[in-house]
Structure formats: structure tokens, C-alpha cells
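Chemist: To be precise about what I am sending: the file is called coords-v8.cif and holds mmCIF, C-alpha atoms and all ligand atoms.
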```
data_my_file
#
loop_
_atom_site.label_atom_id
_atom_site.label_comp_id
_atom_site.auth_asym_id
_atom_site.auth_seq_id
_atom_site.Cartn_x
_atom_site.Cartn_y
_atom_site.Cartn_z
CA MET A 1 39.57 85.59 113.11
CA SER A 2 39.58 84.06 116.62
CA ASN A 3 37.12 85.47 119.16
CA LYS A 4 39.72 85.32 121.95
CA ILE A 5 39.87 88.70 123.69
CA ILE A 6 43.36 89.97 124.47
CA ASP A 7 44.15 91.53 127.87
CA ALA A 8 43.50 95.20 128.58
CA PRO A 9 46.44 96.00 130.86
CA LEU A 10 45.84 99.71 131.67
CA THR A 11 45.10 100.28 135.37
CA PRO A 12 41.91 102.21 136.25
CA LYS A 13 44.09 105.17 137.28
CA LYS A 14 45.88 105.15 133.92
CA VAL A 15 42.55 104.91 132.04
CA GLN A 16 41.34 107.94 133.96
CA SER A 17 44.42 110.00 133.10
CA VAL A 18 44.35 108.93 129.42
CA TYR A 19 40.73 110.12 129.10
CA ASP A 20 41.34 113.32 131.05
CA PHE A 21 44.07 114.04 128.51
CA LEU A 22 41.95 113.03 125.46
CA SER A 23 38.82 114.93 126.53
CA SER A 24 39.53 118.17 124.61
CA PHE A 25 40.04 116.53 121.21
CA TYR A 26 38.16 113.23 121.69
CA ASP A 27 35.30 114.16 119.34
CA TYR A 28 37.72 114.88 116.46
CA LEU A 29 39.59 111.61 116.98
CA THR A 30 36.44 109.47 117.00
CA ARG A 31 34.27 110.96 114.25
CA TYR A 32 34.48 107.61 112.45
CA GLU A 33 32.47 105.97 115.28
CA SER A 34 29.33 108.05 114.72
CA LEU A 35 27.52 105.47 112.54
CA SER A 36 27.85 102.66 115.10
CA LYS A 37 26.76 104.94 117.96
CA GLU A 38 23.75 106.15 115.96
CA ARG A 39 22.75 102.54 115.30
CA GLY A 40 23.16 101.81 119.02
CA VAL A 41 20.81 104.67 119.86
CA ASP A 42 18.30 103.38 117.24
CA VAL A 43 18.13 99.90 118.75
CA ALA A 44 17.96 101.32 122.30
CA ASP A 45 14.48 102.53 121.29
CA ILE A 46 14.41 105.19 124.04
CA ARG A 47 10.86 106.44 124.70
CA LEU A 48 9.23 109.46 126.32
CA GLY A 49 9.34 109.09 130.11
CA ASP A 50 12.14 106.48 130.12
CA LYS A 51 14.90 106.37 132.71
CA VAL A 52 18.18 105.85 130.85
CA PHE A 53 21.63 105.12 132.25
CA GLU A 54 24.86 105.58 130.28
CA ALA A 55 28.20 104.21 131.51
CA GLY A 56 31.37 105.96 130.28
CA PHE A 57 29.53 108.83 128.53
CA GLY A 58 32.75 110.57 127.39
CA THR A 59 31.95 113.95 125.79
CA GLY A 60 28.21 113.38 126.18
CA GLN A 61 26.91 113.09 122.61
CA ILE A 62 24.60 110.21 123.55
CA VAL A 63 23.61 111.87 126.83
CA ILE A 64 22.17 114.75 124.79
CA ALA A 65 20.39 112.47 122.29
CA SER A 66 18.93 110.40 125.16
CA ALA A 67 17.81 113.49 127.11
CA VAL A 68 15.92 114.72 124.03
CA SER A 69 14.28 111.30 123.52
CA VAL A 70 13.11 110.86 127.14
CA GLY A 71 11.33 114.23 127.10
CA MET A 72 10.45 116.29 130.15
CA TYR A 73 9.10 113.34 132.21
CA GLY A 74 12.07 111.04 131.63
CA HIS A 75 15.59 111.20 133.04
CA VAL A 76 19.14 110.39 131.99
CA TYR A 77 21.85 109.28 134.44
CA GLY A 78 25.51 108.77 133.66
CA ILE A 79 28.83 107.94 135.21
CA ASP A 80 32.38 108.31 133.96
CA VAL A 81 35.77 107.89 135.64
CA SER A 82 37.26 111.00 133.99
CA SER A 83 36.63 114.33 135.72
CA LYS A 84 37.52 116.21 132.50
CA MET A 85 34.92 114.22 130.54
CA LEU A 86 32.40 114.96 133.30
CA GLU A 87 33.18 118.68 133.08
CA LYS A 88 32.88 118.67 129.29
CA THR A 89 29.58 116.78 129.26
CA ARG A 90 28.08 118.98 131.99
CA GLU A 91 28.91 122.05 129.86
CA ARG A 92 27.30 120.41 126.83
CA VAL A 93 24.14 119.55 128.79
CA LYS A 94 23.95 123.13 130.07
CA LYS A 95 24.38 124.53 126.56
CA HIS A 96 21.45 122.39 125.37
CA GLU A 97 19.36 123.53 128.39
CA LEU A 98 18.81 119.92 129.49
CA THR A 99 20.19 120.11 133.04
CA LYS A 100 16.81 119.29 134.65
CA ARG A 101 16.68 115.94 132.84
CA VAL A 102 20.28 114.82 133.39
CA ASP A 103 22.29 113.61 136.41
CA LEU A 104 25.97 112.93 135.84
CA GLN A 105 28.62 111.85 138.30
CA LEU A 106 32.12 110.47 138.61
CA GLY A 107 31.99 106.72 139.06
CA ASP A 108 33.18 103.32 137.97
CA ALA A 109 31.06 100.95 135.88
CA ARG A 110 32.33 98.06 138.01
CA LYS A 111 30.28 99.31 140.97
CA LEU A 112 27.22 101.35 140.13
CA PRO A 113 25.73 103.72 142.70
CA TYR A 114 22.09 102.76 141.93
CA THR A 115 19.47 100.51 143.49
CA PRO A 116 18.38 97.42 141.50
CA GLY A 117 15.76 97.56 138.76
CA VAL A 118 15.55 101.30 138.09
CA PHE A 119 16.39 101.83 134.39
CA ASP A 120 14.41 101.17 131.21
CA VAL A 121 17.57 101.36 129.12
CA VAL A 122 21.28 100.93 129.89
CA PHE A 123 23.60 102.14 127.14
CA THR A 124 27.36 102.09 126.77
CA SER A 125 29.64 102.74 123.81
CA TYR A 126 33.36 101.99 123.53
CA LEU A 127 33.70 101.21 127.24
CA LEU A 128 33.75 97.41 127.43
CA ASP A 129 36.65 97.37 124.99
CA LEU A 130 38.86 98.94 127.65
CA ILE A 131 37.64 96.84 130.59
CA ASP A 132 39.98 93.91 131.28
CA THR A 133 38.56 90.53 130.22
CA PRO A 134 37.91 89.01 133.69
CA GLU A 135 35.96 92.15 134.66
CA ILE A 136 33.66 92.34 131.61
CA SER A 137 31.15 89.97 133.22
CA CYS A 138 31.17 91.98 136.49
CA VAL A 139 30.34 95.17 134.59
CA LEU A 140 27.58 93.46 132.58
CA LYS A 141 26.13 91.99 135.81
CA GLU A 142 25.98 95.51 137.23
CA PHE A 143 24.14 96.68 134.10
CA LYS A 144 21.68 93.81 134.47
CA ARG A 145 21.19 94.53 138.17
CA VAL A 146 20.15 98.16 137.60
CA LEU A 147 17.86 97.40 134.63
CA LYS A 148 14.13 96.98 135.22
CA PRO A 149 12.72 93.56 134.30
CA GLY A 150 12.10 93.81 130.54
CA GLY A 151 14.62 96.70 130.25
CA ARG A 152 17.10 96.82 127.40
CA LEU A 153 20.91 96.78 127.43
CA VAL A 154 22.75 98.18 124.39
CA VAL A 155 26.54 97.96 124.06
CA VAL A 156 28.65 99.32 121.21
CA ASN A 157 32.29 98.21 121.02
CA MET A 158 35.34 97.98 118.87
CA SER A 159 35.15 94.37 117.72
CA LYS A 160 36.64 91.62 115.62
CA GLY A 161 35.43 91.08 112.11
CA ASP A 162 35.70 87.97 110.00
CA SER A 163 38.84 87.01 108.09
CA ARG A 164 38.37 89.99 105.73
CA TYR A 165 39.28 92.26 108.61
CA SER A 166 42.80 90.99 109.23
CA THR A 167 43.71 94.62 110.01
CA MET A 168 42.53 93.82 113.56
CA LYS A 169 45.35 91.29 113.96
CA LEU A 170 47.81 94.09 113.25
CA TYR A 171 45.84 96.36 115.57
CA GLU A 172 46.07 93.79 118.41
CA TRP A 173 49.79 93.37 117.83
CA LEU A 174 50.38 97.15 118.04
CA TYR A 175 47.98 97.45 121.00
CA SER A 176 49.80 94.83 123.04
CA ARG A 177 52.96 96.93 122.70
CA CYS A 178 51.44 100.31 123.60
CA PRO A 179 47.79 100.13 124.79
CA SER A 180 47.56 103.77 125.90
CA LEU A 181 48.24 104.91 122.32
CA PHE A 182 44.86 103.37 121.44
CA GLY A 183 43.01 104.83 124.42
CA GLY A 184 43.19 101.38 126.05
CA CYS A 185 40.60 99.99 123.56
CA ARG A 186 41.02 96.58 121.95
CA PRO A 187 38.54 94.45 119.97
CA VAL A 188 35.98 92.48 122.00
CA VAL A 189 33.09 90.14 121.19
CA ILE A 190 30.31 90.63 123.74
CA GLU A 191 27.31 88.65 122.48
CA PRO A 192 28.33 85.39 124.31
CA PHE A 193 28.57 87.30 127.62
CA LEU A 194 25.01 88.62 127.28
CA LYS A 195 23.69 85.16 126.47
CA ALA A 196 25.59 83.61 129.40
CA LEU A 197 24.09 86.21 131.75
CA GLY A 198 20.57 85.33 130.70
CA PHE A 199 19.66 88.33 128.53
CA GLN A 200 16.85 87.53 126.09
CA TYR A 201 16.46 88.27 122.36
CA VAL A 202 20.20 89.00 122.06
CA LYS A 203 21.23 90.44 118.69
CA ARG A 204 24.51 91.60 117.15
CA GLU A 205 25.25 93.78 114.14
CA CYS A 206 28.64 94.76 112.77
CA ILE A 207 29.55 98.08 111.18
CA LEU A 208 32.89 98.89 109.62
CA ALA A 209 33.69 102.20 111.33
CA GLY A 210 35.77 104.56 109.17
CA HIS A 211 35.93 101.75 106.53
CA VAL A 212 38.62 99.95 108.58
CA ILE A 213 37.73 99.21 112.21
CA PRO A 214 34.90 96.72 112.89
CA SER A 215 32.44 97.88 115.55
CA GLU A 216 29.66 95.73 116.99
CA ILE A 217 26.28 96.77 118.30
CA VAL A 218 24.94 94.13 120.70
CA TRP A 219 21.64 94.33 122.53
CA GLY A 220 19.35 92.21 124.65
CA ASP A 221 16.54 92.47 127.20
CA LYS A 222 16.54 91.55 130.88
CA PRO A 223 13.88 88.85 131.37
CA LYS A 224 10.54 90.11 132.77
C1 LIG B 301 36.49 105.26 124.58
S1 LIG B 301 35.66 106.43 125.56
C2 LIG B 301 33.99 106.35 124.95
C3 LIG B 301 33.20 107.59 125.25
C4 LIG B 301 31.76 107.60 124.71
N1 LIG B 301 30.98 106.54 125.28
C5 LIG B 301 31.77 107.49 123.22
O1 LIG B 301 31.40 106.43 122.67
O2 LIG B 301 32.14 108.48 122.56
C6 LIG B 301 35.54 105.60 127.11
C7 LIG B 301 34.92 106.46 128.21
O3 LIG B 301 34.68 105.61 129.34
C8 LIG B 301 35.25 106.19 130.50
N2 LIG B 301 35.64 105.06 131.37
C9 LIG B 301 36.71 104.24 131.27
N3 LIG B 301 36.69 103.27 132.20
C10 LIG B 301 35.56 103.47 132.91
C11 LIG B 301 34.95 102.79 133.99
N4 LIG B 301 35.51 101.70 134.55
N5 LIG B 301 33.77 103.28 134.48
C12 LIG B 301 33.18 104.38 133.94
N6 LIG B 301 33.71 105.06 132.90
C13 LIG B 301 34.87 104.62 132.39
C14 LIG B 301 36.41 107.03 130.01
O4 LIG B 301 36.74 108.05 130.91
C15 LIG B 301 35.84 107.57 128.69
O5 LIG B 301 35.10 108.74 128.89
#
```
Can you give me the file's structure in the form of C-alpha cells?
Ligand SMILES: C[S@@+](CC[C@H](N)C(=O)[O-])C[C@H]1O[C@@H](n2cnc3c(N)ncnc32)[C@H](O)[C@@H]1O
Modeler:
Amino acid sequence: MSNKIIDAPLTPKKVQSVYDFLSSFYDYLTRYESLSKERGVDVADIRLGDKVFEAGFGTGQIVIASAVSVGMYGHVYGIDVSSKMLEKTRERVKKHELTKRVDLQLGDARKLPYTPGVFDVVFTSYLLDLIDTPEISCVLKEFKRVLKPGGRLVVVNMSKGDSRYSTMKLYEWLYSRCPSLFGGCRPVVIEPFLKALGFQYVKRECILAGHVIPSEIVWGDKPK
């Protein structure tokens, strides 16, 4: 299957309203993504004392896992454009008694509110697949900017598989007719972007989420 990425036509405002709407049942809809996210967390290799940033944290499952991994001397930061997702994740963090280790705010991954070189790990799952193609590089540059030298970027996305996964051609056809029905997410292939931006030791793994939808886990390190 071709690696050409189709357009993601939803405006930022529309994306925000779609995810505000989806926030209350998002976890039920996306249970099939848990394997790929778990693998993403594995390769992130978050350590005690780390500063971790997550873009587009959604309902906060990874925020909680990261906050446990960083321990009491580490910290987790996150931004999301949806105020309902922010509300939901803040409640979750409170329930797990992790508020002292976590800072969450409304924000856009295209322009991060952080100074350069502050994070050991930047993580994002199922966000780049709803960012329009010309803006993917801008978002990845922002991730690189806020990483410490030697820090690790991990991205998990809906992706394209090889010719066995021709279901994605049908998916793209349906998506181009009604993108909001799919939460704005379409398949992307991100490894070439990381290489072009100078990340080192770039790796990619594919997992067939829910036995049908290919997901990729791509990671690389900012040069020291
Ligand atoms: C498909 S969901 C993924 C949520 C979570 N990362 C997960 O894997 O379960 C995308 C999330 O990114 C947020 N989002 C979309 N565009 C964004 C942007 N430009 N900046 C920050 N967050 C964004 C949405 O509000 C939503 O919470």
C-alpha cells in the first residue's frame, strides 16, 4: 500500500468539538488500541525522576502510567485541545492521588508552552493521525525543541500496513467522505519525518489493533 498520507480536513475547532463530544465514551470506543499504547509506553522507557510530556492525552490513561513510573521526584506535563478531556483526565489524576506529580493544561501541539530542552520523554498516541499533513513536521519540530538532548520521542498512530491490510484503502475512502465519523484520524507513516528531522536510532513496529487496524509505534532520540 502507498505511503502517501491523505489530507486531514477537520479544522482545529471541529477537532476540539468532536473530542469534547467523544470524551465520555472514548475509552469504550478505543479499547482495541490498548496493545499499541502499552508497547509505546514500554519503548518510552520512563524512569524515576524523569520529566515527561504528553501531547493530546485524551482520557489520561498514559498520564497515569507515566506519573507512576516517574515516581515522587519526576513530573508529567500534558496538553490537550479538548476541555472535556482535560476535565476527565484531571478527575482521573485526582482519583489516583497523583495531582502533585501532574500538570495538565489546554493547549495545541502546534505551539507548545514550554522552554526548549526540558523533557526526558515526549509521548503522543493517536494525535498525529488527525494533524493535517503539512503540519505534521511543525508538531514534530515542537516535540524535538522541548526534548532534552538525548531525550526520547515516542509516537503511536493509526498507520498503513502492507498489501495484506487493504482494509485501510476502504477506511481512507470512507474517511475522505466523512472524517468526523472517524474522530478525524486517518492512517499515517511517521518514521520518514523523524529521520528527516534528525532523530537518531529511529525504529518502527507495527501492531494490528483489534485484528483489523494497523497501528505503528515509532521512536527515536534527539541527538546529544
Ligand atoms: C484520538 S485522541 C487520542 C487520545 C489519547 N492520546 C489516546 O491515545 O487514547 C486525540 C486527542 O488529541 C487531542 N487533540 C487533537 N488535536 C490536538 C492538538 N492540535 N493539540 C493537542 N491536542 C489535540 C484531542 O482532543 C484528543 O484528546
Chemist: Which residue gives the smallest distance to ligand LIG 301 (chain B) among A:Leu127, A:Leu35, A:Val156, A:Val76, with all atoms listed in the file counted?
Modeler: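 Once distances to ligand LIG 301 (chain B) are computed over all atoms listed in the file, the minimum belongs to A:Leu127.
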Chemist: Excluding same-chain residues fewer than 6 positions from stretch 186-198 of chain A, what lies within 6 Å of it counting only C-alpha atoms, as a ChimeraX atom specification?
Modeler: /A:5,129,158-160
Chemist: Check which residues fall inside 8 Å of ligand LIG 301 (chain B) when counting only C-alpha atoms and all ligand atoms, and print them as an mmCIF file with C-alpha atoms, in the frame of the given file.
Modeler:
```cif
data_model
loop_
_atom_site.group_PDB
_atom_site.id
_atom_site.type_symbol
_atom_site.label_atom_id
_atom_site.label_comp_id
_atom_site.auth_asym_id
_atom_site.auth_seq_id
_atom_site.Cartn_x
_atom_site.Cartn_y
_atom_site.Cartn_z
ATOM 1 C CA PRO A 12 41.910 102.210 136.250
ATOM 2 C CA VAL A 15 42.550 104.910 132.040
ATOM 3 C CA GLN A 16 41.340 107.940 133.960
ATOM 4 C CA VAL A 18 44.350 108.930 129.420
ATOM 5 C CA TYR A 19 40.730 110.120 129.100
ATOM 6 C CA ASP A 20 41.340 113.320 131.050
ATOM 7 C CA SER A 23 38.820 114.930 126.530
ATOM 8 C CA TYR A 26 38.160 113.230 121.690
ATOM 9 C CA ASP A 27 35.300 114.160 119.340
ATOM 10 C CA THR A 30 36.440 109.470 117.000
ATOM 11 C CA GLU A 33 32.470 105.970 115.280
ATOM 12 C CA LYS A 37 26.760 104.940 117.960
ATOM 13 C CA GLU A 54 24.860 105.580 130.280
ATOM 14 C CA ALA A 55 28.200 104.210 131.510
ATOM 15 C CA GLY A 56 31.370 105.960 130.280
ATOM 16 C CA PHE A 57 29.530 108.830 128.530
ATOM 17 C CA GLY A 58 32.750 110.570 127.390
ATOM 18 C CA THR A 59 31.950 113.950 125.790
ATOM 19 C CA GLY A 60 28.210 113.380 126.180
ATOM 20 C CA GLN A 61 26.910 113.090 122.610
ATOM 21 C CA ILE A 62 24.600 110.210 123.550
ATOM 22 C CA ILE A 79 28.830 107.940 135.210
ATOM 23 C CA ASP A 80 32.380 108.310 133.960
ATOM 24 C CA VAL A 81 35.770 107.890 135.640
ATOM 25 C CA SER A 82 37.260 111.000 133.990
ATOM 26 C CA SER A 83 36.630 114.330 135.720
ATOM 27 C CA MET A 85 34.920 114.220 130.540
ATOM 28 C CA LEU A 106 32.120 110.470 138.610
ATOM 29 C CA GLY A 107 31.990 106.720 139.060
ATOM 30 C CA ASP A 108 33.180 103.320 137.970
ATOM 31 C CA ALA A 109 31.060 100.950 135.880
ATOM 32 C CA ARG A 110 32.330 98.060 138.010
ATOM 33 C CA THR A 124 27.360 102.090 126.770
ATOM 34 C CA SER A 125 29.640 102.740 123.810
ATOM 35 C CA TYR A 126 33.360 101.990 123.530
ATOM 36 C CA LEU A 127 33.700 101.210 127.240
ATOM 37 C CA ASP A 129 36.650 97.370 124.990
ATOM 38 C CA LEU A 130 38.860 98.940 127.650
ATOM 39 C CA ILE A 131 37.640 96.840 130.590
ATOM 40 C CA VAL A 156 28.650 99.320 121.210
ATOM 41 C CA GLY A 183 43.010 104.830 124.420
ATOM 42 C CA GLY A 184 43.190 101.380 126.050
ATOM 43 C CA CYS A 185 40.600 99.990 123.560
#
```
Chemist: For a test of reading the model, state the distance in Å between atom CA of A:Val52 and atom CA of A:Ser69, rounded to one decimal.
Modeler: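 According to the coordinates, atom CA of A:Val52 and atom CA of A:Ser69 are separated by 9.9 Å.
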Chemist: Can you tell me how far atom CA of A:Asp120 sits from atom CA of A:Pro134, in Å to one decimal?
Modeler: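 About the pair atom CA of A:Asp120 and atom CA of A:Pro134: they are 26.6 Å apart.
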Chemist: Between A:Lys144, A:Lys169, A:Arg177, A:His96, single out the one closest to A:Gln200, counting all atoms listed in the file.
Modeler: A:Lys144
Chemist: May I ask which of the residues A:Val122, A:Leu10, A:Val218, A:Leu147 is the closest one to A:Gly40, counting only C-alpha atoms?
Modeler: A:Val218
Chemist: Pick the closest to A:Leu48 from A:Tyr32, A:Arg101, A:Arg92, A:Arg152: which is it, counting all atoms listed in the file?
Modeler: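 Closest residue, counting all atoms listed in the file: A:Arg101.
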Chemist: Give the answer as one residue: which of A:Thr99, A:Phe53, A:Glu142, A:Glu91 has the shortest atom-to-atom distance to A:Met72, using all atoms listed in the file?
Modeler: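 Answer, going by the shortest atom-to-atom distance: A:Thr99.
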Chemist: Just how far from atom CA of A:Gly74 is atom CA of A:Lys51, in Å to one decimal?
Modeler: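 So the answer is 5.6 Å.
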Chemist: Given the choices A:Asp221, A:Asp45, A:Asp103, A:Glu38, which gets closest to A:Pro149 if the distance is worked out from all atoms listed in the file?
Modeler: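 Under the stated criterion, the closest residue is A:Asp221.
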Chemist: Could you name the residues that touch A:Val93 at 8 Å or less, counting all atoms listed in the file, but leaving out those on the same chain fewer than 3 positions away, as a PDB file with C-alpha atoms, in the coordinates of the input?
Modeler:
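The result, stored in out-v6.pdb:
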```pdb
ATOM      1  CA  GLY A  60      28.210 113.380 126.180  1.00  0.00           C
ATOM      2  CA  VAL A  63      23.610 111.870 126.830  1.00  0.00           C
ATOM      3  CA  ILE A  64      22.170 114.750 124.790  1.00  0.00           C
ATOM      4  CA  THR A  89      29.580 116.780 129.260  1.00  0.00           C
ATOM      5  CA  ARG A  90      28.080 118.980 131.990  1.00  0.00           C
ATOM      6  CA  HIS A  96      21.450 122.390 125.370  1.00  0.00           C
ATOM      7  CA  GLU A  97      19.360 123.530 128.390  1.00  0.00           C
ATOM      8  CA  LEU A  98      18.810 119.920 129.490  1.00  0.00           C
ATOM      9  CA  THR A  99      20.190 120.110 133.040  1.00  0.00           C
ATOM     10  CA  VAL A 102      20.280 114.820 133.390  1.00  0.00           C
TER      11      VAL A 102
END
```
Chemist: Where atoms are missing, can you supply N, CA, C and O atoms for stretch 189-205 of chain A and output the lot as a short mmCIF file (atom, residue, chain, number, x, y, z; two decimals), in the coordinates of the input?
Modeler:
```cif
data_model
loop_
_atom_site.label_atom_id
_atom_site.label_comp_id
_atom_site.auth_asym_id
_atom_site.auth_seq_id
_atom_site.Cartn_x
_atom_site.Cartn_y
_atom_site.Cartn_z
N VAL A 189 34.30 90.76 121.74
CA VAL A 189 33.09 90.14 121.19
C VAL A 189 32.17 89.86 122.38
O VAL A 189 32.47 89.00 123.21
N ILE A 190 31.07 90.61 122.49
CA ILE A 190 30.31 90.63 123.74
C ILE A 190 29.03 89.79 123.72
O ILE A 190 28.50 89.43 124.77
N GLU A 191 28.57 89.41 122.56
CA GLU A 191 27.31 88.65 122.48
C GLU A 191 27.30 87.41 123.39
O GLU A 191 26.31 87.19 124.13
N PRO A 192 28.38 86.58 123.43
CA PRO A 192 28.33 85.39 124.31
C PRO A 192 28.17 85.74 125.79
O PRO A 192 27.55 84.99 126.53
N PHE A 193 28.71 86.89 126.21
CA PHE A 193 28.57 87.30 127.62
C PHE A 193 27.09 87.58 127.94
O PHE A 193 26.59 87.20 128.98
N LEU A 194 26.42 88.29 127.03
CA LEU A 194 25.01 88.62 127.28
C LEU A 194 24.17 87.35 127.35
O LEU A 194 23.30 87.22 128.22
N LYS A 195 24.46 86.42 126.47
CA LYS A 195 23.69 85.16 126.47
C LYS A 195 23.96 84.40 127.78
O LYS A 195 23.03 83.90 128.41
N ALA A 196 25.24 84.34 128.18
CA ALA A 196 25.59 83.61 129.40
C ALA A 196 24.93 84.24 130.63
O ALA A 196 24.64 83.55 131.61
N LEU A 197 24.70 85.54 130.59
CA LEU A 197 24.09 86.21 131.75
C LEU A 197 22.56 86.19 131.73
O LEU A 197 21.90 86.78 132.58
N GLY A 198 22.02 85.53 130.72
CA GLY A 198 20.57 85.33 130.70
C GLY A 198 19.77 86.44 130.05
O GLY A 198 18.55 86.52 130.23
N PHE A 199 20.43 87.33 129.30
CA PHE A 199 19.66 88.33 128.53
C PHE A 199 18.87 87.61 127.45
O PHE A 199 19.31 86.57 126.93
N GLN A 200 17.70 88.16 127.11
CA GLN A 200 16.85 87.53 126.09
C GLN A 200 16.91 88.32 124.77
O GLN A 200 17.19 89.51 124.78
N TYR A 201 16.55 87.66 123.70
CA TYR A 201 16.46 88.27 122.36
C TYR A 201 17.77 88.99 121.99
O TYR A 201 17.75 90.13 121.51
N VAL A 202 18.90 88.35 122.29
CA VAL A 202 20.20 89.00 122.06
C VAL A 202 20.48 89.07 120.54
O VAL A 202 20.31 88.09 119.82
N LYS A 203 20.89 90.27 120.11
CA LYS A 203 21.23 90.44 118.69
C LYS A 203 22.56 91.16 118.56
O LYS A 203 22.96 91.91 119.44
N ARG A 204 23.23 90.94 117.40
CA ARG A 204 24.51 91.60 117.15
C ARG A 204 24.56 92.05 115.69
O ARG A 204 24.20 91.29 114.80
N GLU A 205 24.99 93.30 115.50
CA GLU A 205 25.25 93.78 114.14
C GLU A 205 26.67 94.30 114.10
O GLU A 205 27.18 94.79 115.11
#
```
